[in-house]
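Heads up, data16.cif below (mmCIF, C-alpha atoms):
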data_work
#
loop_
_atom_site.group_PDB
_atom_site.id
_atom_site.type_symbol
_atom_site.label_atom_id
_atom_site.label_comp_id
_atom_site.auth_asym_id
_atom_site.auth_seq_id
_atom_site.Cartn_x
_atom_site.Cartn_y
_atom_site.Cartn_z
ATOM 1 C CA MET D 1 4.494 -17.719 -10.665
ATOM 2 C CA ASP D 2 4.628 -16.800 -14.334
ATOM 3 C CA GLY D 3 1.849 -14.467 -15.354
ATOM 4 C CA PHE D 4 1.593 -12.658 -12.012
ATOM 5 C CA TYR D 5 2.324 -9.407 -13.850
ATOM 6 C CA HIS D 6 0.724 -8.463 -17.165
ATOM 7 C CA GLU D 7 1.785 -5.878 -19.729
ATOM 8 C CA GLY D 8 -0.109 -3.097 -17.943
ATOM 9 C CA SER D 9 1.758 -3.782 -14.690
ATOM 10 C CA ARG D 10 5.066 -4.105 -16.512
ATOM 11 C CA ALA D 11 4.603 -0.830 -18.405
ATOM 12 C CA LEU D 12 4.008 1.068 -15.143
ATOM 13 C CA GLN D 13 6.900 -0.715 -13.421
ATOM 14 C CA ASP D 14 9.156 0.400 -16.247
ATOM 15 C CA GLU D 15 7.789 3.943 -16.154
ATOM 16 C CA PHE D 16 8.454 4.245 -12.409
ATOM 17 C CA GLY D 17 11.633 2.123 -12.321
ATOM 18 C CA THR D 18 10.157 -0.575 -10.054
ATOM 19 C CA ARG D 19 10.471 -3.720 -12.213
ATOM 20 C CA ALA D 20 13.394 -5.140 -10.201
ATOM 21 C CA LEU D 21 11.605 -4.360 -6.916
ATOM 22 C CA ALA D 22 8.385 -5.954 -8.195
ATOM 23 C CA ASP D 23 10.274 -9.080 -9.237
ATOM 24 C CA ARG D 24 12.029 -9.267 -5.863
ATOM 25 C CA ASN D 25 8.673 -9.008 -4.067
ATOM 26 C CA VAL D 26 7.442 -11.994 -6.064
ATOM 27 C CA GLN D 27 10.599 -13.960 -5.243
ATOM 28 C CA LEU D 28 10.314 -13.216 -1.524
ATOM 29 C CA ARG D 29 6.571 -13.285 -0.848
ATOM 30 C CA LEU D 30 4.425 -14.867 -3.520
ATOM 31 C CA ARG D 31 3.207 -18.439 -3.011
ATOM 32 C CA ASP D 32 0.256 -20.612 -3.984
ATOM 33 C CA ARG D 33 -0.206 -22.612 -0.767
ATOM 34 C CA PHE D 34 -1.348 -21.504 2.664
ATOM 35 C CA THR D 35 1.159 -21.719 5.495
ATOM 36 C CA GLU D 36 0.248 -22.514 9.099
ATOM 37 C CA ALA D 37 0.776 -18.818 9.880
ATOM 38 C CA ASP D 38 -1.677 -17.884 7.097
ATOM 39 C CA ALA D 39 -4.253 -20.294 8.502
ATOM 40 C CA ALA D 40 -3.916 -18.860 12.020
ATOM 41 C CA TYR D 41 -4.091 -15.273 10.725
ATOM 42 C CA ILE D 42 -7.224 -15.999 8.666
ATOM 43 C CA ALA D 43 -8.914 -17.870 11.540
ATOM 44 C CA ARG D 44 -8.679 -14.736 13.729
ATOM 45 C CA ARG D 45 -10.320 -12.436 11.181
ATOM 46 C CA ILE D 46 -13.900 -11.253 11.635
ATOM 47 C CA PHE D 47 -14.239 -9.923 8.087
ATOM 48 C CA PHE D 48 -12.634 -9.821 4.671
ATOM 49 C CA PHE D 49 -13.313 -8.292 1.272
ATOM 50 C CA LEU D 50 -14.349 -10.449 -1.681
ATOM 51 C CA ALA D 51 -13.676 -9.258 -5.242
ATOM 52 C CA THR D 52 -15.479 -10.973 -8.116
ATOM 53 C CA ALA D 53 -16.327 -10.193 -11.726
ATOM 54 C CA ASP D 54 -19.134 -11.325 -13.979
ATOM 55 C CA ALA D 55 -18.672 -13.207 -17.254
ATOM 56 C CA GLU D 56 -17.908 -9.920 -19.070
ATOM 57 C CA GLY D 57 -15.316 -8.861 -16.467
ATOM 58 C CA ARG D 58 -17.444 -6.221 -14.727
ATOM 59 C CA PRO D 59 -16.168 -6.087 -11.115
ATOM 60 C CA GLU D 60 -17.947 -6.346 -7.799
ATOM 61 C CA CYS D 61 -16.394 -5.955 -4.348
ATOM 62 C CA ASN D 62 -18.205 -7.126 -1.259
ATOM 63 C CA TYR D 63 -17.706 -7.368 2.498
ATOM 64 C CA ARG D 64 -17.984 -10.732 4.257
ATOM 65 C CA GLY D 65 -18.149 -10.876 8.042
ATOM 66 C CA GLY D 66 -18.769 -13.252 10.899
ATOM 67 C CA GLU D 67 -17.380 -14.601 14.123
ATOM 68 C CA PRO D 68 -13.676 -15.544 14.285
ATOM 69 C CA GLY D 69 -13.287 -18.824 12.418
ATOM 70 C CA PHE D 70 -16.122 -18.194 9.951
ATOM 71 C CA VAL D 71 -13.502 -18.338 7.218
ATOM 72 C CA ARG D 72 -10.854 -21.003 7.528
ATOM 73 C CA VAL D 73 -8.040 -22.785 5.811
ATOM 74 C CA VAL D 74 -8.812 -26.512 5.807
ATOM 75 C CA ALA D 75 -5.831 -27.630 3.689
ATOM 76 C CA PRO D 76 -2.739 -25.935 2.253
ATOM 77 C CA ASP D 77 -4.640 -25.511 -1.011
ATOM 78 C CA LEU D 78 -8.188 -24.949 0.276
ATOM 79 C CA LEU D 79 -10.005 -22.180 2.141
ATOM 80 C CA VAL D 80 -13.746 -22.271 2.883
ATOM 81 C CA PHE D 81 -16.346 -19.791 4.089
ATOM 82 C CA PRO D 82 -20.149 -19.823 4.359
ATOM 83 C CA ASP D 83 -22.683 -17.570 2.740
ATOM 84 C CA TYR D 84 -25.142 -16.206 5.292
ATOM 85 C CA ASP D 85 -28.656 -14.858 4.817
ATOM 86 C CA GLY D 86 -28.419 -11.569 2.940
ATOM 87 C CA ASN D 87 -30.359 -9.361 0.567
ATOM 88 C CA GLY D 88 -31.098 -12.168 -1.895
ATOM 89 C CA MET D 89 -29.337 -10.465 -4.802
ATOM 90 C CA PHE D 90 -26.435 -12.988 -4.976
ATOM 91 C CA ARG D 91 -24.281 -10.618 -7.016
ATOM 92 C CA SER D 92 -20.906 -11.854 -5.758
ATOM 93 C CA LEU D 93 -21.882 -15.511 -5.626
ATOM 94 C CA GLY D 94 -23.662 -15.217 -8.970
ATOM 95 C CA ASN D 95 -20.417 -13.890 -10.371
ATOM 96 C CA ILE D 96 -18.579 -16.927 -9.008
ATOM 97 C CA ARG D 97 -21.045 -19.162 -10.845
ATOM 98 C CA VAL D 98 -20.140 -17.565 -14.193
ATOM 99 C CA ASN D 99 -16.531 -16.532 -13.473
ATOM 100 C CA PRO D 100 -14.796 -18.455 -10.684
ATOM 101 C CA HIS D 101 -11.706 -16.199 -10.540
ATOM 102 C CA VAL D 102 -11.859 -14.180 -7.312
ATOM 103 C CA GLY D 103 -9.708 -12.124 -4.966
ATOM 104 C CA LEU D 104 -9.770 -11.999 -1.164
ATOM 105 C CA LEU D 105 -8.324 -9.248 1.031
ATOM 106 C CA PHE D 106 -7.810 -9.725 4.777
ATOM 107 C CA ILE D 107 -6.967 -6.687 6.939
ATOM 108 C CA PRO D 108 -6.584 -6.728 10.755
ATOM 109 C CA ILE D 109 -8.615 -3.583 11.465
ATOM 110 C CA GLY D 110 -9.488 -3.231 15.140
ATOM 111 C CA GLU D 111 -7.605 -6.347 16.091
ATOM 112 C CA PRO D 112 -4.332 -6.351 18.025
ATOM 113 C CA GLU D 113 -1.473 -7.748 15.999
ATOM 114 C CA GLU D 114 2.139 -8.090 17.072
ATOM 115 C CA ARG D 115 3.196 -7.441 13.518
ATOM 116 C CA PRO D 116 0.290 -6.153 11.438
ATOM 117 C CA SER D 117 -0.034 -7.273 7.851
ATOM 118 C CA ARG D 118 -2.603 -7.671 5.165
ATOM 119 C CA LEU D 119 -3.081 -10.753 3.065
ATOM 120 C CA ARG D 120 -4.171 -10.670 -0.577
ATOM 121 C CA ILE D 121 -5.209 -13.955 -2.144
ATOM 122 C CA ASN D 122 -6.277 -14.683 -5.698
ATOM 123 C CA GLY D 123 -7.738 -17.989 -6.749
ATOM 124 C CA VAL D 124 -10.637 -20.000 -8.049
ATOM 125 C CA ALA D 125 -13.884 -20.501 -6.143
ATOM 126 C CA GLU D 126 -16.859 -22.813 -6.392
ATOM 127 C CA LEU D 127 -20.202 -22.908 -4.590
ATOM 128 C CA SER D 128 -21.642 -25.916 -2.804
ATOM 129 C CA THR D 129 -25.061 -26.283 -1.182
ATOM 130 C CA ASP D 130 -24.503 -29.858 -0.021
ATOM 131 C CA ASP D 131 -20.928 -29.702 1.245
ATOM 132 C CA PRO D 132 -20.362 -31.766 4.429
ATOM 133 C CA LEU D 133 -18.339 -28.862 5.882
ATOM 134 C CA LEU D 134 -21.401 -26.598 5.714
ATOM 135 C CA ALA D 135 -22.691 -28.211 8.930
ATOM 136 C CA GLU D 136 -19.732 -26.636 10.773
ATOM 137 C CA PHE D 137 -20.990 -23.116 9.993
ATOM 138 C CA PRO D 138 -24.215 -22.276 11.866
ATOM 139 C CA GLY D 139 -26.419 -20.061 9.696
ATOM 140 C CA GLY D 140 -24.587 -20.922 6.481
ATOM 141 C CA GLN D 141 -26.846 -21.470 3.484
ATOM 142 C CA LEU D 142 -24.067 -22.556 1.151
ATOM 143 C CA LEU D 143 -20.308 -22.974 1.257
ATOM 144 C CA VAL D 144 -17.667 -21.331 -0.898
ATOM 145 C CA ARG D 145 -14.629 -23.528 -1.572
ATOM 146 C CA PHE D 146 -11.627 -21.442 -2.632
ATOM 147 C CA ARG D 147 -8.343 -22.724 -4.101
ATOM 148 C CA PRO D 148 -5.489 -20.189 -4.085
ATOM 149 C CA THR D 149 -3.340 -19.434 -7.121
ATOM 150 C CA ALA D 150 -1.463 -16.460 -5.639
ATOM 151 C CA ILE D 151 -1.042 -15.610 -1.949
ATOM 152 C CA PHE D 152 0.688 -12.319 -1.333
ATOM 153 C CA PRO D 153 1.170 -10.803 2.147
ATOM 154 C CA ASN D 154 2.158 -7.170 2.215
ATOM 155 C CA CYS D 155 2.610 -4.248 4.554
ATOM 156 C CA PRO D 156 -0.367 -2.336 5.972
ATOM 157 C CA ARG D 157 1.368 1.014 6.369
ATOM 158 C CA TYR D 158 -1.574 3.012 4.987
ATOM 159 C CA ILE D 159 -4.216 1.232 7.062
ATOM 160 C CA PRO D 160 -5.294 3.523 9.923
ATOM 161 C CA LYS D 161 -5.589 2.347 13.507
ATOM 162 C CA MET D 162 -9.255 1.839 14.245
ATOM 163 C CA ARG D 163 -11.274 0.168 16.937
ATOM 164 C CA ILE D 164 -14.182 -2.225 16.515
ATOM 165 C CA GLU D 165 -16.793 -1.401 19.148
ATOM 166 C CA GLU D 166 -18.726 -4.676 19.096
ATOM 167 C CA PRO D 167 -19.452 -7.572 16.752
ATOM 168 C CA SER D 168 -22.542 -7.511 14.587
ATOM 169 C CA ARG D 169 -25.610 -8.906 16.315
ATOM 170 C CA TYR D 170 -26.452 -10.595 13.003
ATOM 171 C CA ASN D 171 -23.400 -12.900 13.084
ATOM 172 C CA PRO D 172 -24.608 -16.509 13.219
ATOM 173 C CA ARG D 173 -22.991 -18.757 15.829
ATOM 174 C CA VAL D 174 -23.701 -21.921 17.765
ATOM 175 C CA GLY D 175 -26.664 -21.547 20.116
ATOM 176 C CA TYR D 176 -27.707 -18.139 18.799
ATOM 177 C CA ASP D 177 -30.469 -17.314 16.334
ATOM 178 C CA PRO D 178 -29.682 -13.880 14.863
ATOM 179 C CA PRO D 179 -32.586 -11.475 14.409
ATOM 180 C CA GLN D 180 -34.172 -10.899 11.021
ATOM 181 C CA ALA D 181 -32.816 -7.860 9.210
ATOM 182 C CA GLU D 182 -35.115 -4.951 10.064
ATOM 183 C CA TRP D 183 -35.494 -3.879 6.430
ATOM 184 C CA LYS D 184 -37.002 -7.283 5.575
ATOM 185 C CA THR D 185 -40.036 -6.392 7.717
ATOM 186 C CA HIS D 186 -40.913 -3.277 5.679
ATOM 187 C CA ASP D 187 -44.219 -3.350 3.815
ATOM 188 C CA GLU D 188 -42.620 -2.872 0.404
ATOM 189 C CA VAL D 189 -40.583 -6.112 0.640
ATOM 190 C CA ARG D 190 -42.280 -8.254 3.292
ATOM 191 C CA ASP D 191 -44.380 -10.191 0.754
ATOM 192 C CA VAL D 192 -41.327 -11.325 -1.255
ATOM 193 C CA VAL D 193 -38.963 -12.246 1.597
ATOM 194 C CA PRO D 194 -38.524 -16.031 1.549
ATOM 195 C CA PRO D 195 -38.664 -18.052 4.771
ATOM 196 C CA ARG D 196 -35.384 -18.134 6.646
ATOM 197 C CA ARG D 197 -33.284 -21.260 6.226
ATOM 198 C CA THR D 198 -32.342 -22.959 9.456
#
Please express what this file holds, its structure, as structure tokens.
Amino acid sequence: MDGFYHEGSRALQDEFGTRALADRNVQLRLRDRFTEADAAYIARRIFFFLATADAEGRPECNYRGGEPGFVRVVAPDLLVFPDYDGNGMFRSLGNIRVNPHVGLLFIPIGEPEERPSRLRINGVAELSTDDPLLAEFPGGQLLVRFRPTAIFPNCPRYIPKMRIEEPSRYNPRVGYDPPQAEWKTHDEVRDVVPPRRT
């Protein structure tokens, strides 16, 4: 896993005396393939955070949510998730088109875990509108295929205990047609909202 740390990381590790600890963490935890435990953990998640950057390196962080299983590991080196109907801006996915290097963060907020953890994953993503797997994701308008380069589980000690009251009524799923976003019915945007894809 050469290159996991850059000179900025190394300078701070040296300043705070954590270089040996940082190296040990890499030895013990860092990998570039999903395990069966990773796949099961990811399959239970109802959301994750997606970090992207444009061609000039300007960052964007976005929330992605859905029903359990909306994001899944389909091979040790491949994770997929759908893009659902949104605000039409395509900032994160547009970034992937021009800079495929992305980061994912999974946190088990509001979900019972025997041993809580968070999972950070860096890798390379690509978009597909005609992927055969897209049919497995009701409501998906395109599929993101993600190949990991660095998978790093770590402790969630600063994540507070919270409760999720109910899933979003906008989550697509088999046999359910989610309602249109209320803001898309407002006069100032109604004339430019495209027809919903089915």
* To do: With the file shown as input, list the residues that the PyMOL selection byres ((chain D and resi 188-198) around 12) selects, as a list in words.
  => Asp83, Tyr84, Asp85, Gly86, Asn87, Gly88, Met89, Ala135, Phe137, Pro138, Gly139, Gly140, Gln141, Leu142, Pro172, Tyr176, Asp177, Pro178, Pro179, Gln180, Ala181, Glu182, Trp183, Lys184, Thr185, His186 and Asp187 of chain D
* Which residue out of D:Gly66, D:Pro148, D:Pro153, D:Gly123 has the minimum interatomic distance to Arg33 in chain D when only C-alpha atoms are used? ->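 Looking only at the distances to Arg33 in chain D, the closest residue turns out to be D:Pro148.
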* Asked: What would the list of residues within 6 Å of (-7.6, -13.1, -1.3) (file frame) look like as a PyMOL selection string, if all atoms listed in the file are what count?
  -> chain D and resi 103-105+120-122
* Asked: Looking at only C-alpha atoms, which of D:Asn99, D:Ser128, D:Asn171, D:Thr149 is the one that sits closest to Gly69 in chain D?
  ->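 Closest residue, counting only C-alpha atoms: D:Asn171.
Between CA of Leu119 in chain D and CA of Leu30 in chain D there is a distance of 10.8 Å.
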* **Expected selection from the PyMOL selection byres ((chain D and resi 93-98) around 12), given as a ChimeraX atom specification** => /D:50-62,64,81-84,86,88-92,99-103,123-128,141-146
* Work out how far CA of Ile164 in chain D is from CA of Ala40 in chain D, in Å to one decimal. =>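 CA of Ile164 in chain D lies at a distance of 20.1 Å from CA of Ala40 in chain D.
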* I would like the residues chosen by the PyMOL selection byres ((chain D and resi 160) around 12) on the shown file; could you give them as a PyMOL selection string? => chain D and resi 107-111+116+156-159+161-163
* **Interatomic distance (Å, one decimal) between CA of Asp77 in chain D and CA of Arg173 in chain D** =>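 It comes out at 25.8 Å.
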Taking all atoms of range 44-59 of chain D that the file lists, what box with edges along x, y and z, padded by 4 Å per side, do you get, with centre and edge lengths in Å to one decimal, as lines of an AutoDock Vina configuration file?
center_x = -13.9
center_y = -10.4
center_z = -2.7
size_x = 18.5
size_y = 16.6
size_z = 40.8
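Among the candidate residues D:Glu15, D:Val73, D:Pro167, D:Val80, the one lying nearest to Pro132 in chain D is D:Val80, with distances computed using all atoms listed in the file.
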